[in-house]
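Visitor: To start, I am sharing the structure in question, which I have written as structure tokens.
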Amino acid sequence: MKLATWNVNSLGVRLPQVLAWLEAHRPDVLALQETKMVDERFPVQALAELGYTAAYAGQKTYNGVAILARGPLEAVRVGIPGLEDEQRRVVAATLGGVRVICLYVPNGQAVGSEKYRYKLAWLDAARAWLEAELAAHERLVVMGDFNVAPEDRDVHDPRRWAGQVLVSAPERAAFRTLLDLGLRDAFRLFEQPGQVYSWWNYGALAFRRNWGLRIDHLLVSPALAAKCRACWVDRAPRAHERPSDHAPVVAEFGS
DNA sequence: ATGGCTTACAACGTAAGA
């Protein structure tokens, strides 16, 4: 089983790249964030031609999430229970007994801002919900754009980023509360080379210089962690023409 | 990059991203 997550920064622009990536890698599940696409325009047909079904929750201009899967998606849920939120940032579904949760965590904009407070409140609501989901589903993955670089080794220049949004102590503490539920960062289940990131700013040769952050994650329940064989970032799409600023993160599991 | 870029929306510029 292969699971992947990718913030595509507009599915309308990136659809050809997504279809090509699905054909090349054939993941069982691909979670998408920032589709920026209303549900009426979702490319159901193009995905079906490649053998993928989809659960999606979109909106115009901002946010939007989707789960693409090679098989039927059941128990689809949109949003976090009990959290009043117009922003489409969460979709969950079950595939073959595996609970798949796709998150697009708020960016937070700047430490101390209104959006930063929203981010922290949002993460707190997500934690409470994920605790219940973990209790209900032995095999569970939470994947997406968390907009948090968990540790300094996930940051190309920790001194420059110190205290900034995406790395600030309260954001990292909120991320750790997810790990404290028993979820494991699939990437850190393995020895990894240094300086592996999943996002690089557009322009200024940031990608070529590898000035990035690792903010896209797959968090897995203990039962899935035991089956995880590898986790990596696929940097190739970031080098395409008109790339997303994020690269896909992939994890592979034994049976 | 202390964004030098990219997206969407619908201006001929703004908001937002991370």
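Letters for chains follow the order of the structure tokens (A, B, ...), residue numbers begin at 1 for each chain, and ligand numbers begin at 1 in the order shown.
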What are the residues of chain B lining chain A at 6 Å or less? Count only C-alpha atoms (C1' of nucleotides), and put the answer as a list in words.
Guide: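 Per the criterion, chain B yields DG4, DC5 and DA8 of chain B.
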Visitor: So which residues touch Arg235 (chain A) within 9 Å, counting only C-alpha atoms (C1' of nucleotides), skipping near sequence neighbours fewer than 2 positions away, as a list in words?
Guide: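 Counting only the stated atoms, we get Tyr197, Ser198, Val233, Pro237, Arg238, Ala239, His246, Ala247, Pro248 and Val249 of chain A.
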Visitor: Identify all residues of region 6-214 of chain A in helix (DSSP H, G or I) (DSSP on the backbone) and supply them as a ChimeraX atom specification.
Guide: /A:11-25,39-41,44-49,114-136,152-154,158-161,169-180,186-189
Visitor: Next, write the just-selected residues to a file, as a PDB file, in the first residue's frame, keeping C-alpha atoms as the atom set.
Guide:
ATOM      1  CA  LEU A  11      -5.895  21.754  -8.901  1.00  0.00           C
ATOM      2  CA  GLY A  12      -7.124  23.697 -11.930  1.00  0.00           C
ATOM      3  CA  VAL A  13      -3.558  24.624 -12.802  1.00  0.00           C
ATOM      4  CA  ARG A  14      -1.927  21.418 -11.603  1.00  0.00           C
ATOM      5  CA  LEU A  15      -4.371  18.768 -12.871  1.00  0.00           C
ATOM      6  CA  PRO A  16      -2.097  17.580 -15.709  1.00  0.00           C
ATOM      7  CA  GLN A  17       0.758  17.160 -13.253  1.00  0.00           C
ATOM      8  CA  VAL A  18      -1.464  15.314 -10.783  1.00  0.00           C
ATOM      9  CA  LEU A  19      -2.715  12.911 -13.467  1.00  0.00           C
ATOM     10  CA  ALA A  20       0.825  12.256 -14.679  1.00  0.00           C
ATOM     11  CA  TRP A  21       2.023  11.687 -11.135  1.00  0.00           C
ATOM     12  CA  LEU A  22      -0.812   9.226 -10.443  1.00  0.00           C
ATOM     13  CA  GLU A  23       0.040   7.284 -13.584  1.00  0.00           C
ATOM     14  CA  ALA A  24       3.728   7.165 -12.751  1.00  0.00           C
ATOM     15  CA  HIS A  25       3.414   6.233  -9.068  1.00  0.00           C
ATOM     16  CA  ASP A  39     -17.057  20.869  -6.150  1.00  0.00           C
ATOM     17  CA  GLU A  40     -18.970  21.370  -9.412  1.00  0.00           C
ATOM     18  CA  ARG A  41     -15.675  21.637 -11.287  1.00  0.00           C
ATOM     19  CA  VAL A  44     -14.260  13.300 -11.474  1.00  0.00           C
ATOM     20  CA  GLN A  45     -14.142  11.966 -15.034  1.00  0.00           C
ATOM     21  CA  ALA A  46     -10.419  12.468 -15.666  1.00  0.00           C
ATOM     22  CA  LEU A  47      -9.620  10.703 -12.389  1.00  0.00           C
ATOM     23  CA  ALA A  48     -12.045   7.863 -13.089  1.00  0.00           C
ATOM     24  CA  GLU A  49     -10.248   7.225 -16.363  1.00  0.00           C
ATOM     25  CA  GLU A 114      -5.764  36.829  14.249  1.00  0.00           C
ATOM     26  CA  LYS A 115      -4.955  34.080  11.739  1.00  0.00           C
ATOM     27  CA  TYR A 116      -2.311  32.698  14.076  1.00  0.00           C
ATOM     28  CA  ARG A 117      -4.859  32.422  16.891  1.00  0.00           C
ATOM     29  CA  TYR A 118      -7.247  30.724  14.466  1.00  0.00           C
ATOM     30  CA  LYS A 119      -4.496  28.254  13.544  1.00  0.00           C
ATOM     31  CA  LEU A 120      -3.841  27.302  17.165  1.00  0.00           C
ATOM     32  CA  ALA A 121      -7.552  26.971  17.976  1.00  0.00           C
ATOM     33  CA  TRP A 122      -8.017  24.923  14.827  1.00  0.00           C
ATOM     34  CA  LEU A 123      -5.183  22.570  15.776  1.00  0.00           C
ATOM     35  CA  ASP A 124      -6.676  22.153  19.239  1.00  0.00           C
ATOM     36  CA  ALA A 125     -10.041  21.169  17.750  1.00  0.00           C
ATOM     37  CA  ALA A 126      -8.283  18.819  15.338  1.00  0.00           C
ATOM     38  CA  ARG A 127      -6.443  17.143  18.207  1.00  0.00           C
ATOM     39  CA  ALA A 128      -9.665  16.466  20.113  1.00  0.00           C
ATOM     40  CA  TRP A 129     -11.302  14.983  17.029  1.00  0.00           C
ATOM     41  CA  LEU A 130      -8.256  12.897  16.064  1.00  0.00           C
ATOM     42  CA  GLU A 131      -8.146  11.415  19.546  1.00  0.00           C
ATOM     43  CA  ALA A 132     -11.652  10.042  18.968  1.00  0.00           C
ATOM     44  CA  GLU A 133     -10.819   8.897  15.428  1.00  0.00           C
ATOM     45  CA  LEU A 134      -7.760   7.043  16.707  1.00  0.00           C
ATOM     46  CA  ALA A 135      -9.865   5.281  19.304  1.00  0.00           C
ATOM     47  CA  ALA A 136     -12.312   4.224  16.598  1.00  0.00           C
ATOM     48  CA  ASP A 152      14.953  22.694  13.594  1.00  0.00           C
ATOM     49  CA  ARG A 153      16.240  19.892  11.375  1.00  0.00           C
ATOM     50  CA  ASP A 154      13.105  20.431   9.275  1.00  0.00           C
ATOM     51  CA  PRO A 158      16.722  27.656  11.744  1.00  0.00           C
ATOM     52  CA  ARG A 159      18.363  30.886  12.880  1.00  0.00           C
ATOM     53  CA  ARG A 160      16.626  32.967  10.246  1.00  0.00           C
ATOM     54  CA  TRP A 161      13.300  31.244  10.910  1.00  0.00           C
ATOM     55  CA  ALA A 169       7.086  27.178  19.879  1.00  0.00           C
ATOM     56  CA  PRO A 170       3.273  27.193  20.287  1.00  0.00           C
ATOM     57  CA  GLU A 171       2.816  25.744  16.790  1.00  0.00           C
ATOM     58  CA  ARG A 172       5.403  23.050  17.455  1.00  0.00           C
ATOM     59  CA  ALA A 173       3.754  22.285  20.793  1.00  0.00           C
ATOM     60  CA  ALA A 174       0.395  21.916  19.028  1.00  0.00           C
ATOM     61  CA  PHE A 175       2.000  19.540  16.533  1.00  0.00           C
ATOM     62  CA  ARG A 176       3.510  17.517  19.375  1.00  0.00           C
ATOM     63  CA  THR A 177       0.093  17.070  20.968  1.00  0.00           C
ATOM     64  CA  LEU A 178      -0.826  15.104  17.827  1.00  0.00           C
ATOM     65  CA  LEU A 179       2.194  12.864  18.314  1.00  0.00           C
ATOM     66  CA  ASP A 180       1.250  12.537  21.982  1.00  0.00           C
ATOM     67  CA  ALA A 186       6.156   8.373   9.145  1.00  0.00           C
ATOM     68  CA  PHE A 187       9.167  10.249   7.797  1.00  0.00           C
ATOM     69  CA  ARG A 188      10.938   9.994  11.150  1.00  0.00           C
ATOM     70  CA  LEU A 189      10.357   6.276  11.476  1.00  0.00           C
TER      71      LEU A 189
END
Visitor: Could you find all residues in region 48-181 of chain A that DSSP calls strand (DSSP E) from the backbone, and write them as a VMD selection string?
Guide: chain A and resid 53 to 57 65 to 69 74 to 78 90 to 95 98 to 104 140 to 145
Visitor: Counting only C-alpha atoms, figure out which residue out of A:His217, A:Tyr56, A:Arg88, A:Val105 gets nearest to Pro150 (chain A).
Guide: A:His217
Visitor: Just how far from CA of Ser168 (chain A) is CA of Ala149 (chain A), in Å to one decimal?
Guide: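 Taking CA of Ala149 (chain A) as the start and CA of Ser168 (chain A) as the end point, the length is 8.9 Å.
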Visitor: Would you mind reading off the distance between CA of Ala92 (chain A) and C1' of DT7 (chain B), one decimal, in Å?
Guide: 25.6 Å
